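As provided, entry-v5.cif (mmCIF, C-alpha atoms and all ligand atoms) reads as follows.
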data_run
#
loop_
_atom_site.label_atom_id
_atom_site.label_comp_id
_atom_site.auth_asym_id
_atom_site.auth_seq_id
_atom_site.Cartn_x
_atom_site.Cartn_y
_atom_site.Cartn_z
CA MET A 90 33.15 116.65 -37.07
CA ALA A 91 35.41 119.04 -38.89
CA LEU A 92 39.13 118.58 -38.76
CA GLU A 93 41.39 121.53 -39.57
CA LEU A 94 44.91 121.05 -40.92
CA ALA A 95 47.41 123.73 -41.91
CA PHE A 96 50.81 123.65 -43.61
CA LYS A 97 53.32 126.30 -44.68
CA ILE A 98 55.20 126.24 -47.99
CA SER A 99 58.19 128.38 -49.03
CA GLY A 100 58.90 129.45 -52.58
CA GLY A 101 61.61 127.29 -54.16
CA ASP A 102 61.36 124.63 -51.46
CA PHE A 103 60.46 121.55 -53.47
CA SER A 104 61.48 119.14 -50.72
CA ASN A 105 58.69 120.33 -48.45
CA ALA A 106 56.07 120.73 -51.17
CA GLY A 107 54.19 117.48 -50.90
CA LYS A 108 54.01 117.41 -47.09
CA ALA A 109 50.41 118.60 -47.00
CA SER A 110 49.13 116.13 -49.58
CA SER A 111 51.02 113.29 -47.92
CA ARG A 112 49.70 114.11 -44.44
CA ILE A 113 46.13 114.67 -45.64
CA LYS A 114 46.22 111.34 -47.49
CA LYS A 115 47.03 109.58 -44.21
CA VAL A 116 44.29 111.41 -42.34
CA LEU A 117 41.65 110.59 -44.98
CA LYS A 118 42.73 106.94 -44.97
CA GLN A 119 42.30 106.78 -41.21
CA LEU A 120 38.81 108.22 -41.62
CA ASN A 121 38.04 105.42 -44.09
CA ILE A 122 37.28 107.79 -46.96
CA ASP A 123 37.03 105.78 -50.20
CA ALA A 124 40.27 105.26 -52.09
CA LYS A 125 39.04 106.85 -55.31
CA SER A 126 38.17 110.14 -53.60
CA ILE A 127 41.48 110.19 -51.73
CA LYS A 128 43.36 109.78 -55.01
CA LYS A 129 41.67 112.79 -56.57
CA ILE A 130 42.12 114.96 -53.49
CA VAL A 131 45.85 114.27 -53.18
CA VAL A 132 46.49 115.06 -56.84
CA ALA A 133 44.81 118.45 -56.46
CA ILE A 134 46.60 119.33 -53.21
CA TYR A 135 50.00 118.22 -54.49
CA GLU A 136 49.71 120.29 -57.65
CA ALA A 137 48.66 123.35 -55.65
CA GLU A 138 51.58 122.92 -53.22
CA VAL A 139 54.09 122.57 -56.03
CA ASN A 140 52.72 125.68 -57.71
CA VAL A 141 53.49 127.69 -54.58
CA ALA A 142 57.03 126.29 -54.51
CA ALA A 143 57.51 126.82 -58.26
CA HIS A 144 55.84 130.17 -58.84
CA ALA A 145 55.31 132.04 -55.56
CA TRP A 146 57.35 133.31 -52.60
CA LYS A 147 55.55 131.71 -49.71
CA GLY A 148 52.15 130.29 -48.96
CA GLU A 149 50.01 127.96 -46.94
CA VAL A 150 47.58 125.10 -47.30
CA LYS A 151 44.52 124.96 -45.08
CA ALA A 152 42.26 121.95 -45.24
CA THR A 153 38.92 121.44 -43.54
CA VAL A 154 38.00 117.79 -43.49
CA GLY A 155 34.24 117.53 -43.14
CA GLU A 156 31.72 114.70 -43.08
CA GLU A 157 30.93 114.78 -46.77
CA ASN A 158 33.70 116.80 -48.35
CA ILE A 159 37.07 118.38 -47.91
CA LEU A 160 37.60 122.10 -48.41
CA VAL A 161 41.12 123.20 -49.29
CA VAL A 162 42.45 126.76 -49.45
CA VAL A 163 45.94 127.30 -50.83
CA SER A 164 46.98 130.92 -50.60
CA ASP A 165 50.31 132.50 -51.46
CA CYS A 166 52.20 135.75 -51.60
CA GLY A 167 53.68 135.87 -55.06
CA PRO A 168 53.54 137.34 -58.53
CA GLY A 169 49.92 136.33 -59.05
CA ILE A 170 48.39 134.95 -62.25
CA GLU A 171 47.71 137.61 -64.85
CA ASN A 172 45.40 135.63 -67.09
CA ILE A 173 43.72 132.81 -65.23
CA SER A 174 41.97 131.23 -68.21
CA LEU A 175 45.28 131.13 -70.10
CA ALA A 176 47.04 129.63 -67.08
CA MET A 177 44.36 126.90 -66.93
CA LYS A 178 45.16 125.77 -70.48
CA PRO A 179 47.14 122.53 -70.57
CA GLY A 180 50.65 123.27 -71.79
CA PHE A 181 50.79 126.90 -70.67
CA SER A 182 53.68 127.48 -68.30
CA THR A 183 55.98 130.27 -67.21
CA ALA A 184 58.16 127.92 -65.13
CA SER A 185 61.87 128.75 -64.95
CA LYS A 186 64.53 126.63 -66.61
CA GLU A 187 65.55 125.15 -63.23
CA VAL A 188 61.98 124.17 -62.45
CA ARG A 189 61.57 122.61 -65.91
CA GLU A 190 64.73 120.60 -65.50
CA MET A 191 63.15 118.95 -62.47
CA GLY A 192 60.29 117.81 -64.68
CA PHE A 193 57.84 120.44 -63.51
CA GLY A 194 56.58 123.13 -65.85
CA ALA A 195 54.59 121.01 -68.29
CA GLY A 196 51.64 123.32 -67.72
CA MET A 197 49.45 120.50 -66.50
CA GLY A 198 49.06 121.29 -62.81
CA LEU A 199 46.04 123.58 -62.88
CA SER A 200 44.18 121.33 -65.31
CA ASN A 201 44.94 118.36 -63.03
CA ILE A 202 43.42 120.37 -60.16
CA LYS A 203 40.35 121.23 -62.24
CA LYS A 204 39.84 117.60 -63.28
CA ASN A 205 40.11 116.25 -59.75
CA THR A 206 37.93 118.69 -57.82
CA ASP A 207 34.18 119.30 -57.69
CA GLU A 208 34.40 123.05 -57.06
CA LEU A 209 37.34 125.29 -57.87
CA ASN A 210 37.79 129.02 -57.49
CA ILE A 211 40.97 130.94 -58.29
CA GLU A 212 41.54 134.51 -57.20
CA SER A 213 44.69 136.36 -58.00
CA ARG A 214 46.14 139.84 -57.79
CA LYS A 215 49.17 140.74 -59.83
CA GLY A 216 52.20 141.34 -57.62
CA GLU A 217 50.35 140.22 -54.49
CA GLY A 218 49.39 136.60 -54.69
CA THR A 219 46.98 133.84 -55.53
CA THR A 220 44.33 131.94 -53.61
CA LEU A 221 42.98 128.62 -54.82
CA THR A 222 39.88 127.32 -53.09
CA PHE A 223 38.58 123.89 -53.94
CA ARG A 224 36.22 121.27 -52.61
CA CYS A 225 35.95 117.56 -53.21
CA TYR A 226 32.99 115.42 -52.18
CA TYR A 227 33.78 111.85 -51.08
CA MET B 145 54.29 89.94 -61.86
CA LYS B 146 55.95 91.09 -58.65
CA VAL B 147 58.58 93.82 -58.40
CA SER B 148 61.04 91.22 -57.05
CA GLU B 149 60.61 89.12 -60.21
CA LEU B 150 61.30 92.15 -62.38
CA VAL B 151 64.42 92.91 -60.36
CA LYS B 152 65.69 89.38 -60.77
CA LYS B 153 64.89 89.05 -64.46
CA TYR B 154 66.63 92.27 -65.54
CA GLU B 155 69.24 92.44 -62.81
CA LEU B 156 67.94 95.76 -61.62
CA LYS B 157 69.78 97.55 -58.86
CA VAL B 158 67.71 98.01 -55.68
CA PHE B 159 68.73 101.41 -54.30
CA ALA B 160 66.16 101.38 -51.46
CA GLY B 161 62.63 100.49 -50.49
CA GLU B 162 63.12 96.72 -50.22
CA GLN B 163 59.97 96.57 -48.08
CA GLY B 164 57.94 96.95 -51.27
CA LEU B 165 59.60 94.26 -53.37
CA GLU B 166 56.57 92.00 -53.09
CA ASN B 167 54.32 94.69 -54.62
CA GLU B 168 52.29 93.36 -57.52
CA ILE B 169 52.75 95.22 -60.83
CA SER B 170 49.59 96.13 -62.75
CA GLY B 171 51.23 98.12 -65.54
CA GLY B 172 53.76 100.81 -66.27
CA TYR B 173 54.04 104.49 -67.04
CA VAL B 174 56.87 106.32 -68.76
CA SER B 175 57.29 110.08 -68.33
CA ASP B 176 59.74 112.65 -67.07
CA LEU B 177 57.06 115.29 -66.57
CA LEU B 178 55.90 115.09 -62.99
CA SER B 179 52.45 116.59 -63.46
CA ASP B 180 51.86 114.17 -66.31
CA VAL B 181 52.58 111.26 -63.98
CA MET B 182 50.46 112.88 -61.27
CA GLY B 183 47.52 113.16 -63.65
CA THR B 184 47.86 109.87 -65.50
CA ALA B 185 49.73 107.08 -63.69
CA ALA B 186 47.60 104.55 -61.84
CA GLU B 187 47.98 102.54 -58.65
CA ASN B 188 50.47 99.65 -58.75
CA GLU B 189 52.16 100.79 -61.92
CA VAL B 190 55.92 100.92 -62.34
CA TRP B 191 57.21 104.38 -63.26
CA ILE B 192 60.22 104.56 -65.57
CA THR B 193 62.00 107.93 -65.48
CA LEU B 194 65.29 109.81 -65.56
CA GLN B 195 64.32 112.24 -62.81
CA THR B 196 66.35 111.51 -59.69
CA HIS B 197 65.13 114.04 -57.09
CA GLN B 198 62.94 113.29 -54.11
CA ASN B 199 59.67 114.58 -55.57
CA VAL B 200 59.71 111.39 -57.64
CA MET B 201 59.25 109.31 -54.48
CA ALA B 202 56.68 111.77 -53.13
CA ILE B 203 54.61 111.22 -56.26
CA ALA B 204 55.18 107.45 -56.20
CA SER B 205 53.81 107.41 -52.67
CA LEU B 206 50.83 109.69 -53.33
CA LYS B 207 49.88 107.59 -56.37
CA ASP B 208 50.57 104.21 -54.67
CA LEU B 209 52.93 103.13 -57.44
CA ALA B 210 54.55 99.69 -57.27
CA ALA B 211 58.11 100.89 -57.94
CA VAL B 212 60.25 103.49 -59.70
CA ILE B 213 62.99 102.59 -62.19
CA LEU B 214 65.78 105.07 -62.95
CA VAL B 215 67.27 104.47 -66.39
CA LYS B 216 70.69 104.92 -68.03
CA GLY B 217 72.61 104.17 -64.84
CA LEU B 218 71.38 107.35 -63.13
CA GLU B 219 71.88 107.54 -59.38
CA PRO B 220 69.21 108.88 -57.02
CA ASN B 221 69.86 111.88 -54.76
CA GLU B 222 70.41 111.14 -51.08
CA ASP B 223 66.99 112.51 -50.07
CA THR B 224 65.34 110.43 -52.79
CA LEU B 225 66.84 107.30 -51.22
CA GLU B 226 65.64 108.35 -47.82
CA ARG B 227 62.15 108.96 -49.11
CA SER B 228 62.08 105.55 -50.80
CA ARG B 229 63.02 103.91 -47.48
CA GLU B 230 60.44 105.90 -45.56
CA GLU B 231 57.64 105.14 -48.00
CA GLY B 232 58.67 101.53 -48.57
CA ILE B 233 58.45 101.92 -52.33
CA PRO B 234 61.28 100.26 -54.25
CA LEU B 235 63.65 102.61 -56.07
CA LEU B 236 65.35 100.61 -58.79
CA GLY B 237 68.03 101.28 -61.37
CA THR B 238 69.11 99.93 -64.74
CA THR B 239 71.78 100.79 -67.29
CA MET B 240 69.18 100.28 -70.02
CA GLY B 241 67.61 103.30 -71.68
CA THR B 242 63.94 104.13 -71.30
CA PHE B 243 62.90 102.58 -74.63
CA GLU B 244 64.51 99.24 -73.89
CA MET B 245 63.36 98.99 -70.28
CA ALA B 246 59.79 99.97 -71.14
CA GLY B 247 59.72 97.53 -74.05
CA LYS B 248 60.78 94.64 -71.85
CA LEU B 249 58.29 95.48 -69.10
CA TYR B 250 55.53 95.90 -71.66
CA ALA B 251 56.25 92.52 -73.24
CA ASP B 252 56.31 90.82 -69.83
CA LEU B 253 53.02 92.32 -68.70
CA ALA B 254 51.27 91.80 -72.04
CA GLY B 255 52.28 88.15 -71.95
CA SER B 256 51.17 87.48 -68.38
N1 LIG C 301 50.49 130.08 -57.31
C1 LIG C 301 50.82 130.65 -58.48
N2 LIG C 301 51.39 131.88 -58.51
C2 LIG C 301 51.74 132.46 -59.69
N3 LIG C 301 51.56 131.87 -60.88
C3 LIG C 301 51.00 130.65 -60.92
C4 LIG C 301 50.61 129.97 -59.72
N4 LIG C 301 50.07 128.80 -60.07
C5 LIG C 301 50.11 128.74 -61.41
N5 LIG C 301 50.68 129.85 -61.94
C6 LIG C 301 50.87 130.19 -63.36
O1 LIG C 301 50.06 129.34 -64.15
C7 LIG C 301 50.89 128.55 -65.02
C8 LIG C 301 50.27 127.19 -65.23
O2 LIG C 301 50.26 126.46 -63.98
P1 LIG C 301 50.25 124.87 -64.02
O3 LIG C 301 50.31 124.36 -62.64
O4 LIG C 301 49.11 124.43 -64.86
O5 LIG C 301 51.59 124.52 -64.81
P2 LIG C 301 53.11 124.63 -64.31
O6 LIG C 301 53.15 124.77 -62.85
O7 LIG C 301 53.78 125.66 -65.12
O8 LIG C 301 53.67 123.19 -64.75
P3 LIG C 301 53.30 121.77 -64.06
O9 LIG C 301 52.18 122.01 -63.09
O10 LIG C 301 52.91 120.88 -65.19
O11 LIG C 301 54.55 121.33 -63.38
C9 LIG C 301 52.25 128.57 -64.37
O12 LIG C 301 53.30 128.31 -65.27
C10 LIG C 301 52.29 129.98 -63.82
O13 LIG C 301 52.56 130.92 -64.84
MG MG C 302 52.06 123.47 -61.66
#

Encoding of this model in structure tokens:
Amino acid sequence: MALELAFKISGGDFSNAGKASSRIKKVLKQLNIDAKSIKKIVVAIYEAEVNVAAHAWKGEVKATVGEENILVVVSDCGPGIENISLAMKPGFSTASKEVREMGFGAGMGLSNIKKNTDELNIESRKGEGTTLTFRCYY
Amino acid sequence: MKVSELVKKYELKVFAGEQGLENEISGGYVSDLLSDVMGTAAENEVWITLQTHQNVMAIASLKDLAAVILVKGLEPNEDTLERSREEGIPLLGTTMGTFEMAGKLYADLAGS
């Protein structure tokens, strides 16, 4: 059993960021995955979606729901992350004023993703885009 | 304490999400930084904030919060209302400021 789900996200579109995490939460619930694992997974997916909306031009979320874990790939076309270890630091943010006014831009998203996933890989090319790949075991 | 009791006691405005008024409250969280709430708030807590856009309800739903309270008489956006209805999570309002509202909720929960 492996269930594939895919979602598109546009840069600046905060009303649709959150669709993937919301849908995947429902799917995992239906599969009777334990509540604690679902909680961690949705935090990671939501933060990744919002980062595409906040920092990139367009992107997509692809999730593979397996028997023992979920694999999520969030890839975008965007400015990329120049210094990944700096970006991972809580409090570091380059979010615009508009994005900050919405309450995003605290610089906590990537560390939330790190904390809530079992495996995380970030690849980025300046001026091209970023791909986050993470896995969570149930 | 139930959300409906909190509404009654402090004459909170119920903007939407009446379906969730019987939710049981386990605690509260106060923050206007969305990723902070995402990382820290726990199930069945009440979230007190001044953010009024729809991502607030998206987070409330993902985190299974009991309710959201908007302070200082702030009004939710139309899509925030819609999201509250859809998710069945009460979106409440008060003219109190964050400090006062949080203090009252804290005292109630600590005493119960
Ligand atoms: N997909 C991305 N494309 C380009 N830059 C990114 C991307 N994701 C993160 N970044 C960079 O890394 C920084 C830190 O990201 P992180 O998610 O931790 O915080 P934030 O998005 O700024 O604020 P928060 O997540 O708290 O709302 C961002 O400010 C941005 O500079
Ligand atoms: Mg972020």

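Taking CA of Gly247 (chain B) as the reference point, CA of Ala210 (chain B) is found at 17.7 Å.
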
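Distance check against Lys97 (chain A) using only C-alpha atoms: of A:Ser174, A:Ser164, A:Gln119, A:Thr153, the minimum falls on A:Ser164.
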
Next on the checklist: Show me, as a ChimeraX atom specification, every residue of chain B with an atom at most 9 Å from chain A, counting all atoms listed in the file.
Outcome noted: /B:176-180,182-183,195-199,202-203,205-207,223

Hey, could you pull the box centre and edge lengths for ligand LIG 301 (chain C), axis-aligned, 5 Å padding per side, all listed atoms, to one decimal in Å, as lines of an AutoDock Vina configuration file?
center_x = 51.8
center_y = 126.7
center_z = -61.3
size_x = 15.4
size_y = 21.6
size_z = 18.0

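The gap separating CA of Ser175 (chain B) from atom C4 of ligand LIG 301 (chain C) is 22.7 Å, in Å to one decimal.
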
Selection near Gly218 (chain A), 9 Å with only C-alpha atoms, sequence-local residues under 4 positions removed, as a tab-separated table (two decimals) with C-alpha atoms, in the coordinates of the input:
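Result file follows (part_35.tsv):
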chain	number	residue	atom	x	y	z
A	145	ALA	CA	55.31	132.04	-55.56
A	146	TRP	CA	57.35	133.31	-52.60
A	148	GLY	CA	52.15	130.29	-48.96
A	164	SER	CA	46.98	130.92	-50.60
A	165	ASP	CA	50.31	132.50	-51.46
A	166	CYS	CA	52.20	135.75	-51.60
A	167	GLY	CA	53.68	135.87	-55.06
A	168	PRO	CA	53.54	137.34	-58.53
A	169	GLY	CA	49.92	136.33	-59.05
A	170	ILE	CA	48.39	134.95	-62.25
A	212	GLU	CA	41.54	134.51	-57.20
A	213	SER	CA	44.69	136.36	-58.00
A	214	ARG	CA	46.14	139.84	-57.79

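Between CA of Gly237 (chain B) and CA of Leu165 (chain B) the interatomic distance comes to 13.6 Å.
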
Checklist entry - Within 10 Å of Pro234 (chain B), counting all atoms listed in the file, which residues qualify if same-chain residues fewer than 5 places away don't, as number ranges by chain? => result B: 147-148, 158-167, 190, 201, 204, 209-213, 225, 228-229

Next on the checklist: Please list as a ChimeraX atom specification every residue within 10 Å of Glu93 (chain A), counting only C-alpha atoms and excluding residues in the same chain fewer than 3 positions away.
Outcome noted: /A:90,151-155,159-161

Item to check | Which residue of B:Thr239, B:Thr224, B:Val181, B:Lys248 approaches ligand LIG 301 (chain C) most closely, using only C-alpha atoms and all ligand atoms | outcome: B:Val181

Next on the checklist: (53.2, 87.8, -66.7) in this file's frame - what residues fall within 12 Å of it? Use all atoms listed in the file and give the answer as JSON, numbers by chain.
Outcome noted: {"B": [145, 146, 147, 149, 150, 153, 168, 169, 170, 171, 248, 249, 250, 251, 252, 253, 254, 255, 256]}

Next on the checklist: I need the residue nearest ligand MG 302 (chain C) from this list: A:Ala184, A:Leu92, A:Val162, A:Ile173. Use all atoms listed in the file for the distance.
Outcome noted: A:Ala184

Item to check | Nearest candidate to Val163 (chain A) (options A:Ile98, A:Ala142, A:Glu149, A:Pro179; using all atoms listed in the file) | outcome: A:Glu149

Item to check | Among listed residues A:Ile134, A:Ala143, A:Met177, A:Ala109, nearest Cys225 (chain A) (using only C-alpha atoms) | outcome: A:Ile134

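Considering all atoms listed in the file, the residue among A:Asn158, A:Thr183, A:Thr219, A:Thr206 positioned nearest to ligand MG 302 (chain C) is A:Thr183.
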